[in-house]
Structure formats: structure tokens, C-alpha cells
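J.: What follows is a single structure, and I will ask about it in a moment.
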Amino acid sequence: MVQEDTITAIATAVGDGGIGIVRLSGAKAVETVEKIFRVSGKKSLSQIKSHVVTYGHIFDPRLGELVDEVLVVVMLAPRSYTKEDVVEIHCHGGAMTLRKILDLTLKAGARLAQPGEFTKRAFLNGRIDLSQAEAVIDVIRAKTDASLKMSVGHLTGVFSEKVIGLRHELLRLIAHLEAAIDFPEDDIDAIATEDVAQSVTGLLSEVENILATAQTGRILRDGLKTVIIGKPNVGKSSLLNALLREKRAIVTEIPGTTRDIIEEYSNFGGVPLRIVDTAGIRETTDIVERIGVEKTWEMLDKADIVLFIMDASVPLSDDDRKILALIKSRKAIVLVNKTDLPEVLERQQIIDLLPEKLIINISALKETGLDELAQAINQLVYSGQVELNEAAFVNNVRHVDIFEDVKYSFCEVINSINAGMSPDFLVIDLRMAWQKLGEITGETVDDDIIDQIFSQFCIGK
Ligand code: GDP
């Protein structure tokens with residue numbers, strides 16, 4: 001599918017930077033840039049070798065004015081991101097320079113790219129499949145090592161290969177059954193059905209295994225939504241700081257109605273933690289008091305894990321009891337902090353109230369007990385799946401929905417076989433599953449789904 005237009009966009013982030021890149025893709029990419037680029041030595045851009053960096057200047061052809069000193073890279077089709085001719089103009093990173101150069105490429109005949117259009121072209125031109133294109137966003141948005149590792153795995157096609165393998169096996173079964181339908185006298189009917197029964201049972205458990213990774217996949221992608229609660233002065237900020245010190249943390253601010261909620265990401269023992277409302281924690285105000293019990297419930301409901309901190313150097317209070325009651329039915333770990341001080345808190349009282357909860361002794365100040373905490377969280381997240389390669393995890397709601405449908409089809413096939421239905425019925429469900437799986441890789445997907453996926457991208461990607 002050849003795209004007619006040549007598209008252009010600023011490919012780097014907005015704002016002042018050392019360098020910025022304007023990227024063009026399409027049959028006329030070289031021709032377009034040629035109109036605004038002067039190479040020293042008077043060569044023209046079309047005479048320059050592909051995949052080589054060329055020094056020169058961008059100028060405004062109408063005013064004859066110099067705009068910037070740049071490096072240009074031509075990547076001729078098909079050896080480029082989009083499989084089309086691509087030209088990148090590496091200029092100085094200021095917003096004004098980038099705007100001006102973008103504008104010149106537009107005046108020279110290119111069209112402004114739509115969000116994700118470069119990646120969409122890479123998909124339409126067959127360089128990557130749809131799930132790989134989706135992984136591009138995840139790579140860009142990855143906030144921790146684990147999520148980056150998983151996204152890169154998806155990007156390089158590890159996940160797609162799994163899906164392609166499943167589809168391949170389905171086609172084999174369909175062909176087998178269709179032969180049985182076409183030549184009923186050959187008695188391959190019974191053999192085919194037997195083969196399908198065995199094979200689909202295997203495929204079903206494969207799909208169930210994939211679905212079982214969805215929770216972990218989501219956590220690796222989005223981070224384990226972590227809420228830290230406890231009375232004032234128990235050491236919430238100190239723990240937060242200790243968690244964030246572990247690895248480079250990334251802070252994002254979510255504009256809220258009353259004030260900004262701040263989340264921070266930390267890679268803690270291999271699990272990406274997304275710690276919610278860190279501003280609140282840092283203000284060292286009592287979360288329960290400050291945002292009201294109802295709001296606290298809401299927040300706790302949305303959390304993947306609650307870390308409840310208590311102070312070992314003071315006795316259990318009514319407030320502690322209240323919070324303990326609040327976290328009783330949730331995924332929570334009780335942290336007894338300040339264990340470096342003489343102990344006053346009676347642990348048995350906690351055990352009596354919450355017999356099932358894990359209690360871990362820590363000292364946020366001396367940073368002890370953190371390994372045990374990391375282990376506990378790890379266990380909770382991976383729940384025995386550590387041996388799986390992250391790249392094989394399903395981490396995308398769209399994919400999860402598709403696998404659910406496929407699972408349903410497989411169950412239907414097995415039911416039909418048990419009910420002694422004819423091979424025609426089995427073929428219908430197997431085809432349905434084959435079709436559905438093709439929506440992951442993009443072979444059998446509607447245009448509006450494709451558009452919807454790429455609309456989530458930023459312009460320039
Ligand atoms: P928050 O109000 O719950 O956020 O508590 P902070 O983290 O601000 O800590 C309150 C006080 O307790 C500070 O003076 C900390 O230095 C101290 N603190 C925190 N963790 C520990 C610990 O493990 N041991 C000791 N001895 N003091 C701690």
C-alpha cells in the first residue's frame with residue numbers, strides 16, 4: 001500500500017533542547033528537503049549516499065535567508081522506519097528553529113503528519129505488525145526498566161511470534177477439517193476431529209497461560225499502584241524517600257481539581273511501583289483525616305497494594321485500629337517502622353486484628369527490612385511467574401479482550417466435539433479464533449481500530 005503524500009513533523013519533544021529533529025517520509029522527501037538545504041561542496045541532496053550524515057544549512061528559498069546549521073540524514077526506502085524514503089533534519093533544538101524548519105518543509109510541498117502517521121506507515125508498509133506498532137507507544141511511555149524491557153520485547157516481535165504461532169496451528173487444523181468435509185468417504189473425519197480435540201485443548205491452555213500474565217503485564221506497563229498510609233510521623237515520607245532512592249525515580253504530575261496529585265515511579269526490586277499522592281505523603285499530613293474516609297476508601301479501592309506503616313516506638317492507637325479495619329479486605333502489607341528504636345508496639349495486637357496480613361519490620365531511617373519488602377511485593381506481583389519472559393506478557397487491554405474471545409471460541413470447539421457435532425461447526429469457531437488473533441497482529445483488523453490505535457500517538461512518531 002503506497003502512501004501518496006510526503007509527510008513532515010517535528011520528531012523530538014517540544015521545548016528547548018540541544019538538538020531537535022524534523023522528519024519527513026514519502027516518495028518526495030528528498031526532493032522536498034533539497035529545496036531548502038544547501039550542502040557544502042555544492043552537491044545536491046539527491047546525490048548524497050543513503051544513511052550518511054551530511055552537514056549543511058537550511059535556508060528560506062523565498063527570502064534567501066539562512067535559518068540554521070544542520071545535519072541531514074537520508075534513509076532511502078526500504079531501509080527506513082517507514083520503509084519509504086525518510087529524511088531527518090537535525091537542527092538546533094529551540095522551538096523557534098524547529099517551527100521554522102517545519103514550516104519550510106510544508107511550503108516545499110510536504111503535508112503535516114497526523115499523530116502516529118510515521119509508525120502507521122511502518123505498519124501499512126509491512127515493516128512491523130500492529131502489536132509492534134502499539135509497543136512503540138509503550139516504549140516511549142515506559143517509566144521503569146521492567147516496563148521498558150517488556151515493551152522492547154513486544155516491539156521486536158517476541159509477542160507477535162507467539163500469536164503467529166497460534167494462528168499457524170489454527171490454519172493447519174482448519175485445513176485438516178476441511179479435507180475431512182470435502183472427502184467424507186475417506187474416513188479422515190474421525191481422525192481429524194481427534195486431532196482437533198487434542199490440539200485445541202493444548203491451544204486453550206496456552207491462551208489461558210497468556211491471559212494469566214495480563215495482571216502482571218499491566219503492572220509492569222503501568223506500575224504497581226501503591227498507596228502508603230499511616231498516621232502522621234510514622235515515617236511515610238522517610239519510606240517514600242528510601243523507595244525512590246533505590247533507582248532513578250520519575251515524577252509525573254496529574255492535574256487534579258483541587259490540587260495536583262503527584263505520582264512517582266520507582267523500580268523496587270524489579271517491580272515498577274507507581275506511588276500515588278506522594279505530595280500528600282511529603283506534606284506528612286494524615287491521609288485519612290485530610291481527604292476523608294470516603295475518599296480514602298476510593299483511593300484504597302484503586303490501589304494494587306497498600307503499604308500501611310506503624311511506628312514501633314509507640315503503642316497501638318485508635319487511629320491505627322481504624323486504618324487496620326480499613327485495609328482488612330485489601331491487598332496490604334503492614335510495615336512496622338522505626339524498629340531501630342526500643343519497641344513499644346505490641347505486635348500480637350496487629351496479628352489478632354489482621355491474622356492474614358504480612359507484617360514486615362523495617363527502619364526507613366536505617367534502611368533495613370527493605371529487601372524483605374521488595375521480596376514480598378515481588379511475590380505478590382509475579383506470583384510464581386518469574387520464570388516467564390516479560391516479552392511474552394500480554395499488557396494491553398485490546399489484546400486481553402481478543403484472547404478472551406479466542407478462549408471462548410476454543411471452549412466452543414471442545415463443546416461441539418463433545419456433543420458430536422460435524423466438522424463444519426468446528427471450522428466456524430476455529431476460523432473465528434484465527435480471525436480474532438489476526439486483529440492483534442493487524443492482518444484482520446478494521447480500519448477504524450487502526451485509526452483509533454494510531455490516534456493515541458503523538459505527532460512526529
Ligand atoms: P510521616 O509524617 O509519616 O511522613 O513521617 P516522616 O517520614 O516525616 O518521619 C517522622 C519522623 O520519624 C522523622 O523525624 C523521621 O526522621 C523519623 N523516622 C522515620 N523513620 C524512622 C526510623 O525508621 N527510625 C527512626 N528512629 N526514626 C524514623
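Residues are referred to by chain and number: the chain letter is A, B, ... according to the order shown in the C-alpha cells, the number counts from 1 in that chain, and ligands are numbered separately from 1 in the order shown.
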Show me which residues line ligand 1, defined as having an atom within 8 Å of a ligand atom where only C-alpha atoms and all ligand atoms count, and present them as a PDB file with N, CA and C atoms, in the first residue's frame.

T.:
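Result file follows (selection.pdb):
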```
ATOM      1  N   ILE A 229      -0.040   4.502  53.567  1.00  0.00           N
ATOM      2  CA  ILE A 229      -0.842   5.213  54.576  1.00  0.00           C
ATOM      3  C   ILE A 229      -0.310   4.946  55.978  1.00  0.00           C
ATOM      4  N   GLY A 230      -0.729   5.800  56.872  1.00  0.00           N
ATOM      5  CA  GLY A 230      -0.309   5.682  58.265  1.00  0.00           C
ATOM      6  C   GLY A 230      -0.493   7.035  58.932  1.00  0.00           C
ATOM      7  N   LYS A 231      -0.445   7.029  60.255  1.00  0.00           N
ATOM      8  CA  LYS A 231      -0.650   8.280  60.993  1.00  0.00           C
ATOM      9  C   LYS A 231       0.516   9.232  60.740  1.00  0.00           C
ATOM     10  N   PRO A 232       0.343  10.491  61.092  1.00  0.00           N
ATOM     11  CA  PRO A 232       1.461  11.424  60.947  1.00  0.00           C
ATOM     12  C   PRO A 232       2.663  10.934  61.747  1.00  0.00           C
ATOM     13  N   ASN A 233       3.850  11.198  61.218  1.00  0.00           N
ATOM     14  CA  ASN A 233       5.114  10.907  61.914  1.00  0.00           C
ATOM     15  C   ASN A 233       5.519   9.449  62.029  1.00  0.00           C
ATOM     16  N   VAL A 234       4.799   8.554  61.383  1.00  0.00           N
ATOM     17  CA  VAL A 234       5.192   7.145  61.493  1.00  0.00           C
ATOM     18  C   VAL A 234       6.356   6.831  60.553  1.00  0.00           C
ATOM     19  N   GLY A 235       6.591   7.722  59.556  1.00  0.00           N
ATOM     20  CA  GLY A 235       7.729   7.511  58.662  1.00  0.00           C
ATOM     21  C   GLY A 235       7.343   7.300  57.211  1.00  0.00           C
ATOM     22  N   LYS A 236       6.197   7.812  56.818  1.00  0.00           N
ATOM     23  CA  LYS A 236       5.743   7.631  55.423  1.00  0.00           C
ATOM     24  C   LYS A 236       6.702   8.306  54.437  1.00  0.00           C
ATOM     25  N   SER A 237       7.042   9.573  54.729  1.00  0.00           N
ATOM     26  CA  SER A 237       7.959  10.285  53.826  1.00  0.00           C
ATOM     27  C   SER A 237       9.314   9.605  53.797  1.00  0.00           C
ATOM     28  N   SER A 238       9.752   9.164  54.959  1.00  0.00           N
ATOM     29  CA  SER A 238      11.065   8.519  55.020  1.00  0.00           C
ATOM     30  C   SER A 238      11.067   7.249  54.177  1.00  0.00           C
ATOM     31  N   LEU A 239       9.975   6.483  54.244  1.00  0.00           N
ATOM     32  CA  LEU A 239       9.895   5.260  53.431  1.00  0.00           C
ATOM     33  C   LEU A 239       9.861   5.627  51.948  1.00  0.00           C
ATOM     34  N   LEU A 240       9.053   6.620  51.623  1.00  0.00           N
ATOM     35  CA  LEU A 240       8.954   7.058  50.231  1.00  0.00           C
ATOM     36  C   LEU A 240      10.340   7.425  49.706  1.00  0.00           C
ATOM     37  N   ILE A 281       1.902  12.613  50.903  1.00  0.00           N
ATOM     38  CA  ILE A 281       2.771  11.927  51.861  1.00  0.00           C
ATOM     39  C   ILE A 281       3.852  12.888  52.353  1.00  0.00           C
ATOM     40  N   ARG A 282       4.402  13.634  51.410  1.00  0.00           N
ATOM     41  CA  ARG A 282       5.514  14.530  51.773  1.00  0.00           C
ATOM     42  C   ARG A 282       5.063  15.655  52.701  1.00  0.00           C
ATOM     43  N   GLU A 283       3.795  16.030  52.533  1.00  0.00           N
ATOM     44  CA  GLU A 283       3.278  17.072  53.425  1.00  0.00           C
ATOM     45  C   GLU A 283       3.098  16.514  54.835  1.00  0.00           C
ATOM     46  N   THR A 284       3.304  15.219  54.958  1.00  0.00           N
ATOM     47  CA  THR A 284       3.171  14.492  56.223  1.00  0.00           C
ATOM     48  C   THR A 284       1.864  14.789  56.948  1.00  0.00           C
ATOM     49  N   THR A 285       0.806  14.920  56.172  1.00  0.00           N
ATOM     50  CA  THR A 285      -0.493  15.061  56.814  1.00  0.00           C
ATOM     51  C   THR A 285      -1.135  13.683  56.852  1.00  0.00           C
ATOM     52  N   ASP A 286      -2.071  13.532  57.698  1.00  0.00           N
ATOM     53  CA  ASP A 286      -2.730  12.246  57.832  1.00  0.00           C
ATOM     54  C   ASP A 286      -3.728  12.057  56.692  1.00  0.00           C
ATOM     55  N   ILE A 309       1.889   1.841  57.357  1.00  0.00           N
ATOM     56  CA  ILE A 309       3.045   1.978  58.244  1.00  0.00           C
ATOM     57  C   ILE A 309       2.622   2.289  59.667  1.00  0.00           C
ATOM     58  N   ASN A 337       7.580   0.228  61.374  1.00  0.00           N
ATOM     59  CA  ASN A 337       8.761   1.061  61.149  1.00  0.00           C
ATOM     60  C   ASN A 337       9.440   1.440  62.472  1.00  0.00           C
ATOM     61  N   LYS A 338      10.573   2.029  62.348  1.00  0.00           N
ATOM     62  CA  LYS A 338      11.386   2.509  63.490  1.00  0.00           C
ATOM     63  C   LYS A 338      11.778   1.353  64.404  1.00  0.00           C
ATOM     64  N   THR A 339      12.049   0.220  63.788  1.00  0.00           N
ATOM     65  CA  THR A 339      12.441  -0.937  64.610  1.00  0.00           C
ATOM     66  C   THR A 339      13.848  -0.769  65.165  1.00  0.00           C
ATOM     67  N   ASP A 340      14.498   0.329  64.814  1.00  0.00           N
ATOM     68  CA  ASP A 340      15.809   0.621  65.414  1.00  0.00           C
ATOM     69  C   ASP A 340      15.633   1.223  66.813  1.00  0.00           C
ATOM     70  N   LEU A 341      14.409   1.636  67.139  1.00  0.00           N
ATOM     71  CA  LEU A 341      14.141   2.215  68.473  1.00  0.00           C
ATOM     72  C   LEU A 341      13.592   1.127  69.397  1.00  0.00           C
ATOM     73  N   ILE A 362      10.655  -2.859  59.503  1.00  0.00           N
ATOM     74  CA  ILE A 362      11.598  -2.049  58.743  1.00  0.00           C
ATOM     75  C   ILE A 362      12.127  -0.909  59.604  1.00  0.00           C
ATOM     76  N   SER A 363      13.181  -0.293  59.077  1.00  0.00           N
ATOM     77  CA  SER A 363      13.574   1.003  59.606  1.00  0.00           C
ATOM     78  C   SER A 363      13.850   1.854  58.383  1.00  0.00           C
ATOM     79  N   ALA A 364      12.948   2.794  58.156  1.00  0.00           N
ATOM     80  CA  ALA A 364      13.102   3.646  56.981  1.00  0.00           C
ATOM     81  C   ALA A 364      14.365   4.480  57.121  1.00  0.00           C
ATOM     82  N   LEU A 365      14.690   4.810  58.367  1.00  0.00           N
ATOM     83  CA  LEU A 365      15.863   5.633  58.631  1.00  0.00           C
ATOM     84  C   LEU A 365      17.153   4.870  58.330  1.00  0.00           C
ATOM     85  N   LYS A 366      17.241   3.669  58.863  1.00  0.00           N
ATOM     86  CA  LYS A 366      18.467   2.869  58.677  1.00  0.00           C
ATOM     87  C   LYS A 366      18.384   2.010  57.421  1.00  0.00           C
ATOM     88  N   GLU A 367      17.247   2.098  56.744  1.00  0.00           N
ATOM     89  CA  GLU A 367      17.015   1.327  55.522  1.00  0.00           C
ATOM     90  C   GLU A 367      17.214  -0.177  55.724  1.00  0.00           C
TER      91      GLU A 367
END
```

J.: When you look at range 295-306 of chain A with a cut-off of 12 Å (counting only C-alpha atoms), what residues show up, excluding the ones that are within fewer than 3 positions of it in the same chain? I need them as a CSV table (one decimal) with C-alpha atoms, in the first residue's frame.

T.:
```
chain,number,residue,atom,x,y,z
A,215,GLN,CA,-2.3,-8.7,35.5
A,216,THR,CA,1.5,-8.7,35.8
A,218,ARG,CA,-0.5,-4.4,33.2
A,219,ILE,CA,1.5,-3.8,36.4
A,222,ASP,CA,1.6,1.0,34.3
A,223,GLY,CA,3.4,0.3,37.6
A,224,LEU,CA,2.0,-1.2,40.7
A,225,LYS,CA,-0.4,1.4,42.0
A,226,THR,CA,0.9,1.8,45.6
A,227,VAL,CA,-0.7,3.8,48.4
A,228,ILE,CA,1.3,4.5,51.5
A,229,ILE,CA,-0.8,5.2,54.6
A,230,GLY,CA,-0.3,5.7,58.3
A,261,ILE,CA,-1.8,14.7,42.7
A,272,PRO,CA,7.8,-0.8,39.0
A,273,LEU,CA,6.0,1.0,41.8
A,274,ARG,CA,3.7,3.8,40.9
A,275,ILE,CA,3.4,5.6,44.3
A,276,VAL,CA,0.2,7.7,44.4
A,277,ASP,CA,-0.2,11.0,46.1
A,286,ASP,CA,-2.7,12.2,57.8
A,287,ILE,CA,-4.3,10.9,54.7
A,288,VAL,CA,-7.4,9.5,56.4
A,289,GLU,CA,-8.1,12.8,58.1
A,290,ARG,CA,-7.1,15.0,55.2
A,291,ILE,CA,-9.1,13.5,52.4
A,292,GLY,CA,-11.9,12.0,54.4
A,309,ILE,CA,3.0,2.0,58.2
A,322,LYS,CA,-9.3,2.3,62.3
A,323,ILE,CA,-6.8,2.0,59.5
A,324,LEU,CA,-6.3,-1.7,60.2
A,325,ALA,CA,-10.0,-2.2,59.8
A,326,LEU,CA,-9.9,-0.2,56.6
A,327,ILE,CA,-7.2,-2.4,54.9
A,328,LYS,CA,-8.6,-5.7,56.3
A,329,SER,CA,-10.1,-6.8,53.0
A,330,ARG,CA,-7.4,-5.3,50.7
A,331,LYS,CA,-4.1,-6.3,49.3
A,332,ALA,CA,-2.0,-4.8,52.0
A,333,ILE,CA,1.3,-5.2,53.8
A,334,VAL,CA,1.8,-3.9,57.3
A,335,LEU,CA,5.1,-2.3,57.9
A,357,LYS,CA,-1.7,-9.9,56.7
A,358,LEU,CA,2.0,-9.9,56.2
A,376,ALA,CA,7.1,-9.6,49.4
A,377,ILE,CA,6.0,-7.2,46.6
A,378,ASN,CA,7.7,-9.3,44.0
A,380,LEU,CA,2.7,-10.6,45.1
A,381,VAL,CA,3.1,-9.3,41.6
```

J.: Between CA of Gly64 in chain A and CA of Asp85 in chain A, what is the distance in Å, rounded to a tenth?

T.: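 Atom-to-atom, CA of Gly64 in chain A and CA of Asp85 in chain A are spaced 26.6 Å apart.
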
J.: For the structure I just gave you, how does DSSP split range 303-387 of chain A - specifically, which residues are strand (DSSP E or B)? Reply as a list in words.

T.: Ile305, Val306, Leu307, Phe308, Ile309, Met310, Asp311, Ala332, Ile333, Val334, Leu335, Val336, Asn337, Leu358, Ile359, Ile360, Asn361, Ser363 and Thr368 of chain A

J.: Which residues, written as number ranges by chain, have at least one atom at most 6 Å from range 22-30 of chain A, with only C-alpha atoms counted and residues fewer than 6 positions away on the same chain left out?

T.: A: 6-11, 84-89

J.: Can you write just those residues out, all heavy atoms, as a PDB file, in the first residue's frame?

T.:
```
ATOM      1  N   THR A   6       3.893  13.045   0.952  1.00  0.00           N
ATOM      2  CA  THR A   6       5.095  13.074   1.768  1.00  0.00           C
ATOM      3  C   THR A   6       4.736  13.855   3.026  1.00  0.00           C
ATOM      4  O   THR A   6       4.192  14.951   2.953  1.00  0.00           O
ATOM      5  CB  THR A   6       6.243  13.742   0.996  1.00  0.00           C
ATOM      6  OG1 THR A   6       6.604  12.869  -0.072  1.00  0.00           O
ATOM      7  CG2 THR A   6       7.441  13.978   1.895  1.00  0.00           C
ATOM      8  N   ILE A   7       5.027  13.231   4.175  1.00  0.00           N
ATOM      9  CA  ILE A   7       4.605  13.861   5.436  1.00  0.00           C
ATOM     10  C   ILE A   7       5.795  14.423   6.184  1.00  0.00           C
ATOM     11  O   ILE A   7       6.934  13.961   6.013  1.00  0.00           O
ATOM     12  CB  ILE A   7       3.848  12.865   6.343  1.00  0.00           C
ATOM     13  CG1 ILE A   7       4.650  11.566   6.529  1.00  0.00           C
ATOM     14  CG2 ILE A   7       2.466  12.578   5.786  1.00  0.00           C
ATOM     15  CD1 ILE A   7       4.061  10.632   7.563  1.00  0.00           C
ATOM     16  N   THR A   8       5.528  15.385   7.024  1.00  0.00           N
ATOM     17  CA  THR A   8       6.595  16.013   7.801  1.00  0.00           C
ATOM     18  C   THR A   8       6.103  16.319   9.207  1.00  0.00           C
ATOM     19  O   THR A   8       4.894  16.544   9.411  1.00  0.00           O
ATOM     20  CB  THR A   8       7.072  17.318   7.124  1.00  0.00           C
ATOM     21  OG1 THR A   8       8.122  17.896   7.900  1.00  0.00           O
ATOM     22  CG2 THR A   8       5.952  18.342   6.998  1.00  0.00           C
ATOM     23  N   ALA A   9       7.013  16.297  10.177  1.00  0.00           N
ATOM     24  CA  ALA A   9       6.659  16.643  11.557  1.00  0.00           C
ATOM     25  C   ALA A   9       7.923  16.838  12.375  1.00  0.00           C
ATOM     26  O   ALA A   9       8.988  16.344  12.003  1.00  0.00           O
ATOM     27  CB  ALA A   9       5.809  15.544  12.190  1.00  0.00           C
ATOM     28  N   ILE A  10       7.755  17.550  13.473  1.00  0.00           N
ATOM     29  CA  ILE A  10       8.852  17.647  14.436  1.00  0.00           C
ATOM     30  C   ILE A  10       8.856  16.337  15.218  1.00  0.00           C
ATOM     31  O   ILE A  10       7.832  15.951  15.784  1.00  0.00           O
ATOM     32  CB  ILE A  10       8.629  18.842  15.400  1.00  0.00           C
ATOM     33  CG1 ILE A  10       8.640  20.147  14.598  1.00  0.00           C
ATOM     34  CG2 ILE A  10       9.692  18.852  16.491  1.00  0.00           C
ATOM     35  CD1 ILE A  10       8.169  21.370  15.382  1.00  0.00           C
ATOM     36  N   ALA A  11       9.985  15.636  15.210  1.00  0.00           N
ATOM     37  CA  ALA A  11      10.008  14.301  15.810  1.00  0.00           C
ATOM     38  C   ALA A  11      10.476  14.307  17.253  1.00  0.00           C
ATOM     39  O   ALA A  11      10.308  13.335  17.977  1.00  0.00           O
ATOM     40  CB  ALA A  11      10.904  13.379  14.981  1.00  0.00           C
ATOM     41  N   GLU A  84       9.647   3.907   3.586  1.00  0.00           N
ATOM     42  CA  GLU A  84       9.616   4.872   2.495  1.00  0.00           C
ATOM     43  C   GLU A  84      10.923   5.665   2.554  1.00  0.00           C
ATOM     44  O   GLU A  84      11.718   5.476   3.472  1.00  0.00           O
ATOM     45  CB  GLU A  84       8.450   5.852   2.693  1.00  0.00           C
ATOM     46  CG  GLU A  84       7.103   5.187   2.768  1.00  0.00           C
ATOM     47  CD  GLU A  84       5.982   6.142   3.188  1.00  0.00           C
ATOM     48  OE1 GLU A  84       6.262   7.195   3.801  1.00  0.00           O
ATOM     49  OE2 GLU A  84       4.826   5.823   2.915  1.00  0.00           O
ATOM     50  N   ASP A  85      11.114   6.583   1.614  1.00  0.00           N
ATOM     51  CA  ASP A  85      12.258   7.484   1.729  1.00  0.00           C
ATOM     52  C   ASP A  85      12.028   8.368   2.945  1.00  0.00           C
ATOM     53  O   ASP A  85      10.958   8.973   3.086  1.00  0.00           O
ATOM     54  CB  ASP A  85      12.368   8.378   0.479  1.00  0.00           C
ATOM     55  CG  ASP A  85      12.877   7.602  -0.736  1.00  0.00           C
ATOM     56  OD1 ASP A  85      13.252   6.425  -0.578  1.00  0.00           O
ATOM     57  OD2 ASP A  85      12.885   8.186  -1.836  1.00  0.00           O
ATOM     58  N   VAL A  86      13.021   8.414   3.821  1.00  0.00           N
ATOM     59  CA  VAL A  86      12.914   9.256   5.012  1.00  0.00           C
ATOM     60  C   VAL A  86      14.086  10.231   5.028  1.00  0.00           C
ATOM     61  O   VAL A  86      15.211   9.849   4.721  1.00  0.00           O
ATOM     62  CB  VAL A  86      12.916   8.390   6.302  1.00  0.00           C
ATOM     63  CG1 VAL A  86      13.124   9.255   7.546  1.00  0.00           C
ATOM     64  CG2 VAL A  86      11.610   7.608   6.428  1.00  0.00           C
ATOM     65  N   VAL A  87      13.798  11.478   5.366  1.00  0.00           N
ATOM     66  CA  VAL A  87      14.876  12.446   5.568  1.00  0.00           C
ATOM     67  C   VAL A  87      14.709  13.037   6.956  1.00  0.00           C
ATOM     68  O   VAL A  87      13.605  13.441   7.349  1.00  0.00           O
ATOM     69  CB  VAL A  87      14.835  13.588   4.517  1.00  0.00           C
ATOM     70  CG1 VAL A  87      15.983  14.573   4.778  1.00  0.00           C
ATOM     71  CG2 VAL A  87      14.939  13.029   3.107  1.00  0.00           C
ATOM     72  N   GLU A  88      15.802  13.056   7.709  1.00  0.00           N
ATOM     73  CA  GLU A  88      15.775  13.697   9.029  1.00  0.00           C
ATOM     74  C   GLU A  88      16.676  14.920   8.991  1.00  0.00           C
ATOM     75  O   GLU A  88      17.818  14.843   8.538  1.00  0.00           O
ATOM     76  CB  GLU A  88      16.291  12.742  10.103  1.00  0.00           C
ATOM     77  CG  GLU A  88      15.283  11.690  10.507  1.00  0.00           C
ATOM     78  CD  GLU A  88      15.805  10.756  11.591  1.00  0.00           C
ATOM     79  OE1 GLU A  88      16.919  10.996  12.112  1.00  0.00           O
ATOM     80  OE2 GLU A  88      15.104   9.791  11.896  1.00  0.00           O
ATOM     81  N   ILE A  89      16.143  16.018   9.485  1.00  0.00           N
ATOM     82  CA  ILE A  89      16.933  17.240   9.591  1.00  0.00           C
ATOM     83  C   ILE A  89      17.230  17.452  11.070  1.00  0.00           C
ATOM     84  O   ILE A  89      16.309  17.662  11.870  1.00  0.00           O
ATOM     85  CB  ILE A  89      16.152  18.454   9.040  1.00  0.00           C
ATOM     86  CG1 ILE A  89      15.704  18.192   7.600  1.00  0.00           C
ATOM     87  CG2 ILE A  89      17.002  19.719   9.133  1.00  0.00           C
ATOM     88  CD1 ILE A  89      14.705  19.220   7.068  1.00  0.00           C
TER      89      ILE A  89
END
```

J.: Tell me, as a ChimeraX atom specification, which residues lie within 10 Å of range 435-450 of chain A, counting only C-alpha atoms; anything in the same chain fewer than 3 positions away does not count.

T.: /A:120,123-124,128-134,157,159-161,163-164,166-167,170,398-406,409,429-432,453-455

J.: Taking only range 13-209 of chain A into account, list the residues labelled alpha helix (DSSP H) by DSSP (computed from the backbone), as a ChimeraX atom specification.

T.: /A:29-34,95-107,117-124,130-141,145-155,158-182,188-209

J.: Compile the contact shell of Val200 in chain A as a list of chain:residue names: residues with an atom at most 9 Å away, counting only C-alpha atoms, same-chain residues fewer than 6 positions apart removed.

T.: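 With the cut-off at 9 Å, the set is A:Leu170, A:Leu173, A:Phe410, A:Cys411, A:Val413, A:Ile414.
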
J.: Quick one: residues within 8 Å of range 91-102 of chain A, only C-alpha atoms counted, chain neighbours fewer than 2 positions away excluded, as a VMD selection string?

T.: chain A and resid 8 to 10 14 to 22 58 67 to 71 89 104 to 106

J.: By how many Å are CA of Ile428 in chain A and CA of Phe393 in chain A apart?

T.: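 It comes out at 28.1 Å.
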
J.: CA of Leu204 in chain A to CA of Lys407 in chain A: how many Å, to one decimal?

T.: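 It comes out at 6.2 Å.
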
J.: Of the residues A:Val394, A:Ile36, A:Leu76, A:Ala142, which is the one nearest to Ile48 in chain A, using only C-alpha atoms?

T.: A:Leu76
